[in-house]
Amino acid sequence: MAARLPSWAWVTGLTAGATAAVVALAVQADHGPHPTAAVASPGASASAGAHASTAPKPSAPAALPAASGQGRRIVYSVGGKRVWMVDATGKATRSFTVWPGTVSPEPGRYSITDRGQSPLKGSDGVEIEHIMYFARVSGVSIAFSNALDGSSPPPVNGRKLGGIRLHKEDGAALWSFGVKGTTVTVVR
């Protein structure tokens with residue numbers, strides 16, 4: 001008569017065999033092709049169609065306009081609907097698209113004259129923050145700001161608006177960069 005193996009020996013043997021099989025499969029998988037996941041753009045969601053936005057589309061960074069001055073400054077292109085933050089060496093450290101108001105400043109050099117961080121209602125009725133005033137055109141104040149809730153500006157019906165609206169993250173970055181007295185160069 002053959003001797004019987006205790007049950008613990010069977011369980012140990014089966015567990016060791018299963019572990020060896022899993023390790024062998026893992027080694028094989030490591031040498032095979034690796035799929036890559038699609039990366040969603042910031043702010044994208046599965047229901048993007050249900051919440052269509054008029055936000056400017058992300059684009060390749062545009063080159064800093066050649067005739068935009070020297071030194072540390074903010075450069076705003078009225079026609080390009082774009083802002084650059086430029087460090088003291090003349091290098092653009094950040095660039096982003098904006099939604100301009102209906103009133104634009106003339107090309108030239110300005111400086112930030114006043115700032116307001118606390119939320120308040122913009123002239124379009126939207127709560128805004130990180131407000132940085134730098135020009136006045138025909139009684140309309142021109143300022144950078146971002147909506148508190150990150151929304152894009154609603155359509156304007158013939159109103160004179162001087163707000164240059166930024167994405168929320170860009171508004172926070174520009175707020176940190178553009179202290180009172182910072183040069184703002186406006187170009188076409």
# chains A, B, ... in the order shown; residues from 1 in each chain; ligands from 1
>>> residues_around(residues="A:Trp175", least_positions_apart="2", cutoff="8 Å", atoms="only C-alpha atoms", output="list of chain:residue names")
A:His130, A:Ile131, A:Met132, A:Gly171, A:Ala172, A:Ala173, A:Phe177, A:Gly178, A:Val179
>>> residues_around(residues="A:Gly71", least_positions_apart="5", cutoff="10 Å", atoms="only C-alpha atoms", output="MDAnalysis selection string")
chainID A and resid 86:91 183
>>> atom_distance(atom1="atom CA of A:Tyr76", atom2="atom CA of A:Pro107")
9.1 Å
>>> residues_around(residues="A:Thr182", least_positions_apart="5", cutoff="7 Å", atoms="only C-alpha atoms", output="number ranges by chain")
A: 73, 111-112
>>> closest_residue(among="A:Val98, A:Val75, A:Val103, A:Val186", to="A:Ala147", atoms="only C-alpha atoms")
A:Val98
>>> residues_around(residues="A:Ala67", least_positions_apart="3", cutoff="9 Å", atoms="only C-alpha atoms", output="list in words")
Leu64, Gln70 and Val187 of chain A
>>> write_last_selection(atoms="C-alpha atoms", output="PDB file, in the first residue's frame")
ATOM      1  CA  LEU A  64       7.010  86.043 -28.744  1.00  0.00           C
ATOM      2  CA  GLN A  70      12.785  94.276 -23.475  1.00  0.00           C
ATOM      3  CA  VAL A 187       0.922  94.573 -29.845  1.00  0.00           C
TER       4      VAL A 187
END
>>> atom_distance(atom1="atom CA of A:Leu148", atom2="atom CA of A:His167")
9.7 Å
>>> atom_distance(atom1="atom CA of A:Gly125", atom2="atom CA of A:Arg94")
28.6 Å
>>> residues_around(residues="A:Leu120", least_positions_apart="5", cutoff="8 Å", atoms="only C-alpha atoms", output="PyMOL selection string")
chain A and resi 127-129
>>> closest_residue(among="A:Arg165, A:Asp149, A:Pro6, A:Pro155", to="A:Thr97", atoms="only C-alpha atoms")
A:Arg165
>>> select_by_dssp(residues="stretch 45-156 of chain A", states="strand (DSSP E)", output="PyMOL selection string")
chain A and resi 73-77+82-86+92-97+108-111+114-116+120-121+127-137+140-147
>>> write_last_selection(atoms="C-alpha atoms", output="PDB file, in the first residue's frame")
ATOM      1  CA  ARG A  73       7.001  92.227 -18.979  1.00  0.00           C
ATOM      2  CA  ILE A  74       3.600  90.944 -19.987  1.00  0.00           C
ATOM      3  CA  VAL A  75       2.945  90.970 -23.730  1.00  0.00           C
ATOM      4  CA  TYR A  76      -0.638  91.017 -25.021  1.00  0.00           C
ATOM      5  CA  SER A  77      -1.419  90.467 -28.701  1.00  0.00           C
ATOM      6  CA  ARG A  82      -2.580  85.658 -26.647  1.00  0.00           C
ATOM      7  CA  VAL A  83      -0.506  86.687 -23.624  1.00  0.00           C
ATOM      8  CA  TRP A  84       3.172  85.994 -22.891  1.00  0.00           C
ATOM      9  CA  MET A  85       4.882  86.286 -19.520  1.00  0.00           C
ATOM     10  CA  VAL A  86       8.480  87.357 -20.200  1.00  0.00           C
ATOM     11  CA  ALA A  92       8.876  83.910 -22.559  1.00  0.00           C
ATOM     12  CA  THR A  93       8.223  81.672 -19.552  1.00  0.00           C
ATOM     13  CA  ARG A  94       4.532  81.090 -20.268  1.00  0.00           C
ATOM     14  CA  SER A  95       2.107  81.834 -23.093  1.00  0.00           C
ATOM     15  CA  PHE A  96      -1.635  81.259 -23.330  1.00  0.00           C
ATOM     16  CA  THR A  97      -4.749  82.225 -25.262  1.00  0.00           C
ATOM     17  CA  GLY A 108       1.968 100.537 -26.789  1.00  0.00           C
ATOM     18  CA  ARG A 109       3.510 100.261 -23.351  1.00  0.00           C
ATOM     19  CA  TYR A 110       1.380 100.322 -20.227  1.00  0.00           C
ATOM     20  CA  SER A 111       1.864  99.184 -16.651  1.00  0.00           C
ATOM     21  CA  ASP A 114      -4.239  98.442  -9.799  1.00  0.00           C
ATOM     22  CA  ARG A 115      -4.947  94.874  -8.719  1.00  0.00           C
ATOM     23  CA  GLY A 116      -7.846  93.132  -7.009  1.00  0.00           C
ATOM     24  CA  LEU A 120     -16.320  90.624  -7.720  1.00  0.00           C
ATOM     25  CA  LYS A 121     -18.837  90.781 -10.537  1.00  0.00           C
ATOM     26  CA  GLU A 127     -17.810  86.528 -10.793  1.00  0.00           C
ATOM     27  CA  ILE A 128     -14.129  87.252 -11.531  1.00  0.00           C
ATOM     28  CA  GLU A 129     -10.850  87.219  -9.608  1.00  0.00           C
ATOM     29  CA  HIS A 130      -7.161  88.083 -10.152  1.00  0.00           C
ATOM     30  CA  ILE A 131      -8.066  91.444 -11.719  1.00  0.00           C
ATOM     31  CA  MET A 132      -5.128  93.494 -13.005  1.00  0.00           C
ATOM     32  CA  TYR A 133      -5.933  96.909 -14.525  1.00  0.00           C
ATOM     33  CA  PHE A 134      -3.478  98.405 -16.994  1.00  0.00           C
ATOM     34  CA  ALA A 135      -5.313 100.749 -19.419  1.00  0.00           C
ATOM     35  CA  ARG A 136      -8.432 102.851 -19.955  1.00  0.00           C
ATOM     36  CA  VAL A 137     -10.069 103.407 -23.347  1.00  0.00           C
ATOM     37  CA  VAL A 140     -13.702 101.600 -20.171  1.00  0.00           C
ATOM     38  CA  SER A 141     -11.130  99.980 -17.859  1.00  0.00           C
ATOM     39  CA  ILE A 142      -8.969  97.312 -19.511  1.00  0.00           C
ATOM     40  CA  ALA A 143      -7.905  94.482 -17.207  1.00  0.00           C
ATOM     41  CA  PHE A 144      -6.843  90.859 -17.143  1.00  0.00           C
ATOM     42  CA  SER A 145      -9.040  88.547 -15.027  1.00  0.00           C
ATOM     43  CA  ASN A 146     -10.385  85.031 -14.819  1.00  0.00           C
ATOM     44  CA  ALA A 147     -13.858  83.760 -14.009  1.00  0.00           C
TER      45      ALA A 147
END
>>> closest_residue(among="A:Val156, A:Val126, A:Leu161, A:Ala66", to="A:Arg188", atoms="only C-alpha atoms")
A:Ala66
